[in-house]
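Data file: data_25.txt. Format and content: compact mmCIF, C-alpha atoms.
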# COMPACT_ATOMS: atom_id res chain seq x y z
CA MET A 1 0.00 0.00 0.00
CA SER A 2 1.44 3.37 -1.06
CA GLU A 3 2.00 6.10 1.48
CA PRO A 4 -0.49 9.00 1.52
CA LYS A 5 0.58 11.95 -0.60
CA LEU A 6 1.80 15.05 1.19
CA MET A 7 -0.78 17.79 0.62
CA ARG A 8 -0.25 21.52 0.91
CA LYS A 9 -2.52 24.55 0.70
CA THR A 10 -2.49 26.29 -2.67
CA ARG A 11 -4.26 29.62 -3.18
CA PHE A 12 -6.15 30.28 -6.42
CA VAL A 13 -7.37 33.78 -7.26
CA CYS A 14 -10.27 33.34 -9.67
CA ILE A 15 -11.65 35.99 -12.00
CA SER A 16 -13.78 36.04 -15.13
CA ASP A 17 -15.72 38.49 -17.28
CA THR A 18 -13.50 41.47 -16.61
CA HIS A 19 -14.63 43.03 -19.93
CA ASN A 20 -11.71 45.49 -20.10
CA ALA A 21 -11.79 46.26 -16.38
CA SER A 22 -8.45 46.15 -14.61
CA PRO A 23 -7.08 45.81 -11.07
CA ASN A 24 -6.68 48.88 -8.88
CA SER A 25 -9.61 50.52 -10.62
CA ALA A 26 -12.65 48.24 -10.86
CA PHE A 27 -11.31 45.56 -8.52
CA LYS A 28 -8.21 44.51 -6.57
CA LEU A 29 -6.22 41.33 -7.04
CA PRO A 30 -5.41 39.56 -3.75
CA GLN A 31 -2.13 37.72 -3.40
CA GLY A 32 -2.05 34.05 -4.32
CA ASP A 33 -0.16 31.25 -6.01
CA VAL A 34 -2.25 30.83 -9.17
CA LEU A 35 -4.36 33.34 -11.10
CA ILE A 36 -7.17 31.93 -13.24
CA HIS A 37 -9.15 34.01 -15.74
CA ALA A 38 -12.23 32.17 -17.05
CA GLY A 39 -12.87 34.25 -20.17
CA ASP A 40 -14.38 37.48 -21.52
CA LEU A 41 -11.20 39.43 -21.04
CA THR A 42 -12.63 42.11 -23.37
CA ASN A 43 -15.85 43.45 -24.87
CA GLN A 44 -15.10 42.74 -28.53
CA GLY A 45 -11.60 41.28 -28.67
CA THR A 46 -9.82 44.15 -30.41
CA TYR A 47 -6.05 44.27 -30.39
CA SER A 48 -5.98 47.32 -28.12
CA GLU A 49 -8.42 45.74 -25.66
CA LEU A 50 -6.44 42.51 -25.49
CA GLN A 51 -3.12 44.33 -25.25
CA LYS A 52 -4.22 46.29 -22.18
CA THR A 53 -5.67 43.20 -20.48
CA ILE A 54 -2.70 40.95 -21.20
CA GLN A 55 -0.34 43.64 -19.92
CA TRP A 56 -1.88 43.71 -16.44
CA ILE A 57 -2.09 39.91 -16.34
CA GLU A 58 1.60 39.67 -17.24
CA GLU A 59 2.44 42.17 -14.50
CA ALA A 60 0.38 40.35 -11.86
CA ASP A 61 2.57 38.57 -9.29
CA PHE A 62 1.51 34.91 -9.44
CA GLU A 63 3.60 31.83 -10.03
CA ALA A 64 1.13 30.56 -12.61
CA LYS A 65 -1.37 32.54 -14.66
CA ILE A 66 -3.94 30.51 -16.60
CA VAL A 67 -6.35 32.04 -19.11
CA ILE A 68 -9.17 30.92 -21.37
CA ALA A 69 -11.14 33.06 -23.82
CA GLY A 70 -14.86 33.82 -23.68
CA ASN A 71 -17.60 34.52 -26.18
CA HIS A 72 -16.80 38.27 -26.24
CA ASP A 73 -13.13 37.68 -27.15
CA ILE A 74 -14.14 37.26 -30.77
CA THR A 75 -10.74 37.63 -32.47
CA LEU A 76 -9.48 34.61 -30.52
CA ASP A 77 -11.97 32.44 -32.46
CA THR A 78 -10.46 32.53 -35.94
CA ASP A 79 -13.30 30.74 -37.72
CA PHE A 80 -15.95 32.93 -36.10
CA TYR A 81 -14.09 36.14 -36.85
CA SER A 82 -13.50 35.26 -40.50
CA GLN A 83 -17.27 34.88 -40.92
CA TYR A 84 -18.68 37.57 -38.63
CA GLY A 85 -15.83 39.93 -37.77
CA LEU A 86 -16.97 42.73 -40.05
CA TYR A 87 -20.30 42.94 -38.21
CA PHE A 88 -18.27 44.13 -35.20
CA HIS A 89 -15.27 45.91 -36.72
CA ASN A 90 -16.31 47.05 -40.18
CA GLN A 91 -14.50 50.39 -39.73
CA ASP A 92 -11.38 48.87 -38.23
CA PRO A 93 -10.95 45.16 -39.09
CA GLN A 94 -8.70 43.29 -36.68
CA ASP A 95 -6.00 40.71 -37.42
CA PRO A 96 -6.82 37.54 -35.40
CA SER A 97 -3.28 36.20 -35.67
CA LYS A 98 -1.84 39.39 -34.15
CA CYS A 99 -4.48 39.37 -31.42
CA GLN A 100 -3.80 35.73 -30.58
CA GLU A 101 -0.07 36.31 -30.47
CA LEU A 102 -0.61 38.53 -27.43
CA LEU A 103 -1.75 35.50 -25.43
CA ARG A 104 1.33 33.49 -26.38
CA SER A 105 3.11 35.17 -23.54
CA ALA A 106 6.02 33.63 -21.67
CA SER A 107 4.19 34.09 -18.37
CA ILE A 108 0.66 33.02 -19.35
CA LEU A 109 -0.77 29.56 -19.99
CA TRP A 110 -3.56 29.93 -22.55
CA LEU A 111 -5.81 26.86 -22.70
CA LYS A 112 -7.93 26.17 -25.79
CA HIS A 113 -10.03 23.08 -24.97
CA GLU A 114 -7.07 21.10 -23.68
CA GLN A 115 -5.51 19.72 -20.51
CA MET A 116 -2.11 20.51 -19.05
CA ARG A 117 -0.18 19.63 -15.93
CA VAL A 118 1.02 22.60 -13.89
CA THR A 119 3.85 22.10 -11.39
CA LEU A 120 4.63 24.98 -9.04
CA ARG A 121 8.40 24.95 -8.55
CA SER A 122 9.17 28.20 -6.76
CA PRO A 123 11.13 27.53 -3.53
CA THR A 124 8.91 30.07 -1.78
CA GLY A 125 5.64 28.62 -3.12
CA PRO A 126 3.58 25.55 -2.17
CA ARG A 127 5.45 23.27 -4.64
CA THR A 128 2.23 21.49 -5.59
CA THR A 129 1.04 20.01 -8.86
CA PHE A 130 -2.34 19.72 -10.57
CA LYS A 131 -3.93 18.81 -13.89
CA ILE A 132 -6.10 21.51 -15.41
CA PHE A 133 -8.46 21.50 -18.38
CA GLY A 134 -9.55 24.79 -19.92
CA SER A 135 -12.07 25.60 -22.65
CA PRO A 136 -13.59 28.84 -24.05
CA LEU A 137 -16.75 27.12 -25.37
CA SER A 138 -20.29 27.97 -24.28
CA PRO A 139 -23.80 27.30 -25.60
CA ALA A 140 -24.48 29.48 -28.63
CA LYS A 141 -26.65 32.53 -28.00
CA GLY A 142 -26.71 35.35 -30.48
CA MET A 143 -23.76 36.25 -32.68
CA TRP A 144 -20.83 35.59 -30.37
CA ALA A 145 -17.68 33.48 -30.50
CA PHE A 146 -16.94 29.93 -29.31
CA GLY A 147 -20.57 28.85 -29.42
CA TYR A 148 -21.93 25.33 -29.89
CA GLY A 149 -25.38 23.93 -30.61
CA PRO A 150 -27.62 22.02 -28.21
CA ASP A 151 -26.74 18.66 -29.78
CA GLU A 152 -22.97 19.20 -29.60
CA GLY A 153 -22.46 19.55 -25.84
CA ALA A 154 -22.02 15.87 -24.97
CA THR A 155 -19.33 15.35 -27.62
CA ILE A 156 -17.53 18.53 -26.57
CA TRP A 157 -17.44 17.94 -22.81
CA ASN A 158 -16.75 14.20 -22.99
CA ARG A 159 -13.25 15.26 -24.03
CA ILE A 160 -12.41 16.33 -20.49
CA PRO A 161 -9.92 13.70 -19.25
CA LEU A 162 -11.10 11.81 -16.18
CA ASP A 163 -7.89 12.56 -14.25
CA THR A 164 -8.47 16.33 -14.34
CA ASP A 165 -8.14 18.15 -11.00
CA ILE A 166 -9.42 21.56 -12.11
CA VAL A 167 -11.85 22.35 -14.94
CA VAL A 168 -12.01 25.93 -16.24
CA THR A 169 -14.84 26.73 -18.65
CA HIS A 170 -16.45 29.96 -19.69
CA THR A 171 -19.94 28.52 -19.34
CA PRO A 172 -21.24 27.33 -15.97
CA PRO A 173 -22.75 23.86 -15.62
CA LYS A 174 -26.55 23.72 -15.59
CA TYR A 175 -28.19 24.68 -12.26
CA HIS A 176 -24.92 25.74 -10.60
CA CYS A 177 -23.95 29.42 -10.40
CA ASP A 178 -25.84 30.00 -13.65
CA GLU A 179 -28.99 31.92 -12.75
CA ALA A 180 -29.30 34.83 -15.16
CA LYS A 181 -31.10 38.12 -14.57
CA GLU A 182 -34.26 36.53 -16.03
CA ARG A 183 -34.18 34.18 -13.00
CA ARG A 184 -33.57 31.06 -15.05
CA ALA A 185 -30.70 28.59 -15.27
CA VAL A 186 -28.71 29.09 -18.47
CA GLY A 187 -25.72 26.80 -17.89
CA CYS A 188 -24.88 23.68 -19.89
CA GLU A 189 -26.43 20.35 -18.90
CA ALA A 190 -23.88 18.36 -20.90
CA LEU A 191 -21.09 20.02 -18.90
CA ARG A 192 -22.87 19.18 -15.62
CA GLN A 193 -23.07 15.56 -16.70
CA SER A 194 -19.38 15.48 -17.60
CA LEU A 195 -18.54 16.96 -14.20
CA TRP A 196 -20.39 14.01 -12.59
CA ARG A 197 -18.11 11.66 -14.51
CA VAL A 198 -14.84 13.57 -13.98
CA ARG A 199 -15.61 14.96 -10.51
CA PRO A 200 -12.76 17.50 -10.44
CA ARG A 201 -11.81 19.26 -7.24
CA LEU A 202 -12.68 22.64 -8.75
CA ALA A 203 -14.88 23.77 -11.67
CA ILE A 204 -14.23 27.45 -12.36
CA CYS A 205 -16.42 29.43 -14.74
CA GLY A 206 -18.03 32.81 -15.47
CA HIS A 207 -20.21 34.01 -18.37
CA VAL A 208 -23.37 34.52 -16.29
CA HIS A 209 -22.58 37.69 -14.33
CA GLU A 210 -25.50 37.35 -11.93
CA GLY A 211 -24.44 33.78 -11.11
CA ARG A 212 -21.23 34.84 -9.38
CA GLY A 213 -20.63 32.73 -6.29
CA SER A 214 -19.75 29.18 -5.31
CA GLU A 215 -21.46 25.87 -4.65
CA ARG A 216 -20.18 22.54 -3.37
CA ILE A 217 -21.72 19.52 -5.07
CA LEU A 218 -21.58 16.16 -3.29
CA TRP A 219 -22.16 13.65 -6.07
CA ASP A 220 -24.42 10.62 -5.61
CA LEU A 221 -22.37 7.70 -6.93
CA ASP A 222 -24.48 4.91 -5.44
CA ASP A 223 -27.86 5.44 -7.07
CA SER A 224 -28.38 2.96 -9.91
CA LYS A 225 -31.73 4.41 -11.02
CA ILE A 226 -31.08 8.11 -11.62
CA LYS A 227 -28.19 9.13 -13.87
CA TYR A 228 -25.79 11.98 -13.08
CA LYS A 229 -27.35 12.36 -9.66
CA GLU A 230 -26.32 14.90 -7.04
CA LYS A 231 -26.62 14.12 -3.34
CA THR A 232 -26.35 17.57 -1.77
CA ILE A 233 -25.58 21.15 -2.79
CA GLN A 234 -24.03 23.62 -0.36
CA ARG A 235 -24.24 27.28 -1.34
CA TRP A 236 -21.38 29.56 -0.31
CA GLU A 237 -21.94 32.67 1.76
CA ASP A 238 -19.43 35.32 0.70
CA PRO A 239 -17.41 36.44 3.76
CA GLY A 240 -16.21 39.43 1.75
CA PHE A 241 -19.60 40.87 0.88
CA GLY A 242 -19.94 44.49 1.93
CA ASN A 243 -16.59 44.65 3.74
CA LYS A 244 -12.82 44.58 3.15
CA LYS A 245 -12.38 40.85 3.75
CA LEU A 246 -11.44 38.36 1.04
CA SER A 247 -14.19 36.57 -0.83
CA LEU A 248 -12.68 33.30 0.38
CA VAL A 249 -13.70 29.71 -0.26
CA ASP A 250 -11.74 27.53 2.19
CA LEU A 251 -11.59 23.88 1.12
CA THR A 252 -8.49 22.92 3.12
CA ALA A 253 -8.13 20.28 5.81
CA LYS A 254 -7.47 23.05 8.33
CA GLY A 255 -10.76 24.69 7.43
CA LYS A 256 -14.13 23.83 8.87
CA ALA A 257 -15.18 21.56 5.97
CA PRO A 258 -12.39 20.10 3.79
CA LEU A 259 -13.28 19.08 0.24
CA GLN A 260 -14.12 15.40 -0.12
CA ASN A 261 -11.99 14.67 -3.16
CA ASP A 262 -8.74 12.67 -3.23
CA GLY A 263 -8.06 13.18 -6.95
CA GLY A 264 -7.98 9.43 -7.62
CA VAL A 265 -7.28 8.51 -11.24
CA GLY A 266 -8.66 4.96 -11.32
CA ASP A 267 -7.62 1.36 -10.88
CA THR A 268 -5.02 0.81 -13.58
CA THR A 269 -2.10 2.57 -15.21
CA CYS A 270 -0.55 2.23 -18.64
CA PRO A 271 3.12 1.15 -18.56
CA GLU A 272 3.47 1.50 -22.32
CA LYS A 273 2.51 5.20 -22.33
CA PRO A 274 3.76 7.51 -19.56
CA LEU A 275 1.16 9.91 -18.19
CA LEU A 276 3.43 12.92 -18.65
CA ALA A 277 4.64 13.39 -22.21
CA THR A 278 8.24 14.23 -22.95
CA ILE A 279 9.26 17.84 -23.46
CA SER A 280 9.91 17.14 -27.13
CA ASP A 281 6.35 15.79 -27.52
CA MET A 282 5.01 18.91 -25.83
CA ILE A 283 6.86 21.22 -28.20
CA ILE A 284 5.75 19.30 -31.27
CA ASN A 285 2.11 18.84 -30.27
CA GLU A 286 1.34 22.11 -28.48
CA PRO A 287 3.58 24.88 -29.79
CA ASP A 288 1.51 27.64 -28.20
CA SER A 289 1.33 26.19 -24.71
CA ALA A 290 4.95 25.09 -24.86
CA LYS A 291 5.98 28.74 -24.76
CA PHE A 292 4.72 29.00 -21.20
CA LYS A 293 7.78 29.49 -19.00
CA GLY A 294 8.72 30.45 -15.47
CA THR A 295 8.76 28.42 -12.29
CA ALA A 296 5.43 26.73 -13.02
CA LYS A 297 6.35 23.82 -15.29
CA THR A 298 3.73 22.38 -17.65
CA GLY A 299 3.43 19.17 -19.59
CA ILE A 300 0.81 17.54 -21.76
CA LEU A 301 -1.42 14.92 -20.19
CA GLU A 302 -3.23 12.21 -22.07
CA VAL A 303 -5.81 9.74 -20.85
CA THR A 304 -6.06 6.72 -23.13
CA THR A 305 -8.41 3.79 -22.95
CA LYS A 306 -5.56 1.78 -21.42
CA LEU A 307 -5.75 4.01 -18.34
CA LEU A 308 -9.32 2.95 -17.71
CA ALA A 309 -10.52 0.08 -15.58
CA VAL A 310 -12.34 -1.37 -18.59
CA PRO A 311 -11.98 -0.58 -22.31
CA THR A 312 -14.29 2.17 -23.53
CA GLU A 313 -15.56 0.06 -26.40
CA SER A 314 -16.93 -2.55 -23.96
CA LEU A 315 -19.13 0.00 -22.17
CA PRO A 316 -22.72 0.30 -23.46
CA PRO A 317 -23.59 3.99 -24.00
CA ALA A 318 -26.62 3.50 -21.74
CA THR A 319 -24.35 3.04 -18.71
CA ARG A 320 -22.87 6.55 -18.85
CA GLY A 321 -23.74 8.47 -15.69
CA GLN A 322 -25.12 5.36 -13.99
CA GLY A 323 -24.12 4.97 -10.35
CA SER A 324 -23.64 1.77 -8.35
CA ALA A 325 -23.02 0.70 -4.80
CA LEU A 326 -19.97 -1.46 -4.12
CA PRO A 327 -19.21 -4.02 -5.44
CA LEU A 328 -19.70 -2.32 -8.79
CA SER A 329 -22.36 -3.58 -11.12
CA GLN A 330 -21.39 -4.25 -14.74
CA ARG A 331 -24.37 -2.09 -15.66
CA CYS A 332 -22.93 1.10 -14.12
CA ASP A 333 -20.52 3.69 -15.52
CA LEU A 334 -17.41 1.65 -14.73
CA GLU A 335 -15.14 4.10 -16.54
CA ALA A 336 -16.17 6.96 -14.26
CA LEU A 337 -16.46 4.98 -11.01
CA SER A 338 -13.90 2.18 -10.84
CA GLY A 339 -11.15 3.16 -8.41
CA ARG A 340 -12.49 6.72 -8.27
CA PHE A 341 -14.94 6.74 -5.36
CA GLY A 342 -12.62 9.13 -3.51
CA ARG A 343 -13.71 11.84 -5.95
CA LYS A 344 -16.93 12.59 -4.10
CA GLU A 345 -17.22 16.36 -4.25
CA THR A 346 -16.66 19.28 -6.63
CA CYS A 347 -16.59 22.97 -5.78
CA VAL A 348 -18.08 25.14 -8.56
CA VAL A 349 -16.93 28.77 -8.66
CA ASN A 350 -18.44 31.45 -10.89
CA ALA A 351 -15.82 34.20 -10.68
CA ALA A 352 -17.48 36.93 -12.77
CA ILE A 353 -15.98 40.32 -11.95
CA MET A 354 -18.65 42.24 -13.85
CA ALA A 355 -21.66 42.12 -11.54
CA SER A 356 -24.18 43.66 -13.94
CA SER A 357 -25.08 42.86 -17.53
CA TRP A 358 -25.53 45.19 -20.48
CA PRO A 359 -27.16 47.72 -20.53
CA HIS A 360 -26.25 47.74 -16.78
CA GLY A 361 -29.19 49.88 -15.69
CA GLN A 362 -29.26 52.58 -13.04
CA GLY A 363 -25.87 53.34 -11.54
CA GLY A 364 -23.91 51.91 -14.46
CA LYS A 365 -21.44 49.04 -14.27
CA LYS A 366 -21.00 47.20 -10.99
CA PHE A 367 -18.12 44.92 -10.04
CA ASN A 368 -17.48 41.93 -7.79
CA LYS A 369 -14.35 40.95 -5.91
CA PRO A 370 -12.21 38.06 -7.17
CA VAL A 371 -13.07 34.73 -5.57
CA VAL A 372 -10.13 33.30 -3.61
CA VAL A 373 -9.99 29.52 -3.23
CA ASP A 374 -7.69 27.76 -0.76
CA ILE A 375 -7.38 24.06 -1.51
CA ASP A 376 -4.98 21.26 -0.56
CA LEU A 377 -3.08 19.79 -3.51
CA PRO A 378 -0.37 17.11 -3.71
CA VAL A 379 3.25 18.19 -3.30
CA TRP A 380 5.35 16.99 -6.22
CA ASP A 381 8.80 16.75 -4.59
Show me this structure written as structure tokens.
Amino acid sequence: MSEPKLMRKTRFVCISDTHNASPNSAFKLPQGDVLIHAGDLTNQGTYSELQKTIQWIEEADFEAKIVIAGNHDITLDTDFYSQYGLYFHNQDPQDPSKCQELLRSASILWLKHEQMRVTLRSPTGPRTTFKIFGSPLSPAKGMWAFGYGPDEGATIWNRIPLDTDIVVTHTPPKYHCDEAKERRAVGCEALRQSLWRVRPRLAICGHVHEGRGSERILWDLDDSKIKYKEKTIQRWEDPGFGNKKLSLVDLTAKGKAPLQNDGGVGDTTCPEKPLLATISDMIINEPDSAKFKGTAKTGILEVTTKLLAVPTESLPPATRGQGSALPLSQRCDLEALSGRFGRKETCVVNAAIMASSWPHGQGGKKFNKPVVVDIDLPVWD
């Protein structure tokens, strides 16, 4: 039996939907180890907008800075911009390649529907490691970038590897931090279902400004009758509301209620294919992400069918999302459950900085604080 992994607190400062707002004006950035921006850096993705935003992100003092795009960052979606760009910038057409080059910064990890390993190596930092998946996609609504249709969600979100620790998406999952100003849930059900299967420690999002906040989902893995079932939902009360305190979500063992998630990857491993690709593979396969430098080391992760308890092709589609008590039934979602019952809980965080939505109404734009998350992660050394 292997010894328990040494865990250490790692602080994530989570923001989204800044829409050209910057620190020290609309909001303040607390100190932390990792900065995560969950999309909508700008209003319309122009070069000048992106340049200003990327500049303050580059200057921010974090060991790792991880960014995804959002539906308003239209020049970062090349296909969308080639078709619809002139509807936004007919007087001043933008160059998507120049805009995208801004995000290929030496100090920023830009994720485009992909997973990476991040290893914090600073001698003064927590020296922890985690696997993070990031995607700019959201359900299509109106003429905005990175949209997908109602029948495409399952295919899109089934690509999240099961060993992911942190999922960053622009869209929220359905029914979690996704209540819009019309008082209805506008998140993605297919993403919620994928989160049941993956059960990451954190799911960070934005997009729905009024949904800002956090919820802890305790997944029901035992029920064999209802698919993708949730056992309990615990809504966060912001300790920083109306005062100068941090908007803190404490998931650590030293806190009052540590997160019930051990990050287990399953029963079997694949000796023929190492989990962490070589540096040469990383450079060949992901030239953009490979430019990420600094003390936070990254590497490509890949989950193959050989990493699963049973081959994917032997699983009937009808079993997806099906729970089971132990011992596992052959009629449950073996891929998602086998050896992974320690992944019981996920904390969802909607980190929207913009508190109001266009046209913003009386009083103009309103802003939220960043959401700070303290969580225990495995130490790599």
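Excluding Cys99 of chain A itself and any same-chain residue fewer than 6 positions from it, the protein and nucleic acid residues within 8 Å of it, counting all atoms listed in the file, are A:Gly45, A:Thr46, A:Tyr47, A:Leu50, A:Thr75, A:Leu76.
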One-decimal distance in Å that lies between atom CA of Thr346 of chain A and atom CA of Asn261 of chain A =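 That distance, rounded to one decimal, is 7.4 Å.
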State, in Å with one decimal place, the distance from atom CA of Cys177 of chain A to atom CA of Pro378 of chain A.
-> 27.4 Å
For atom CA of Ile15 of chain A and atom CA of Ser135 of chain A, the interatomic separation in Å (one decimal) =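 Going from atom CA of Ile15 of chain A over to atom CA of Ser135 of chain A, I get 14.9 Å.
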For Ile54 of chain A, the nearest of the candidates A:Thr42, A:Ser338, A:Gln193, A:Ser324, counting all atoms listed in the file =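 Using all atoms listed in the file, the shortest distance to Ile54 of chain A belongs to A:Thr42.
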Find the residues near segment 222-228 of chain A: any atom within 8 Å, counting all atoms listed in the file, skip ones fewer than 4 places away on the same chain, and give them as a ChimeraX atom specification.
-> /A:193,196-197,320-326,332
Of the listed residues A:Ala26, A:Val13, A:Leu6, A:Ile36, that which approaches Met354 of chain A most closely, counting all atoms listed in the file =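 Checking each of A:Ala26, A:Val13, A:Leu6, A:Ile36 against Met354 of chain A, counting all atoms listed in the file, the winner is A:Ala26.
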Using the file's own x, y and z axes, what box holds all listed atoms of segment 240-244 of chain A with 8 Å on each side, keeping edges along x, y and z, and what are its centre and edge lengths in Å to one decimal, as JSON?
{"center_x": -16.4, "center_y": 42.0, "center_z": 2.3, "size_x": 23.1, "size_y": 21.2, "size_z": 18.9}
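Distances from A:Ala355, A:Val371, A:Met7, A:Leu334 to Lys181 of chain A were compared using only C-alpha atoms, and the smallest one belongs to A:Ala355.
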Which residue of A:Leu102, A:Ile66, A:Ala60, A:Ala38 approaches Ile132 of chain A most closely, using only C-alpha atoms =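 Among the listed residues, the smallest separation from Ile132 of chain A belongs to A:Ile66.
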Counting all atoms listed in the file, which of A:Lys245, A:Arg184, A:Gly266, A:Lys344 gets nearest to Lys28 of chain A?
-> A:Lys245
From the set A:Asp267, A:Asp381, A:Glu210, A:Glu59, which residue has the shortest atom-to-atom contact distance to Asn368 of chain A, counting all atoms listed in the file?
->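 With all atoms listed in the file as the atom set, the closest residue is A:Glu210.
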Selection: 10 Å around segment 156-167 of chain A, all atoms listed in the file, excl. self and same-chain fewer than 4 positions, as a ChimeraX atom specification | /A:113-117,129-135,137,148,151-152,188,190-195,197-205,261-266,301-304,307-308,335-336,340,343,346-348,377
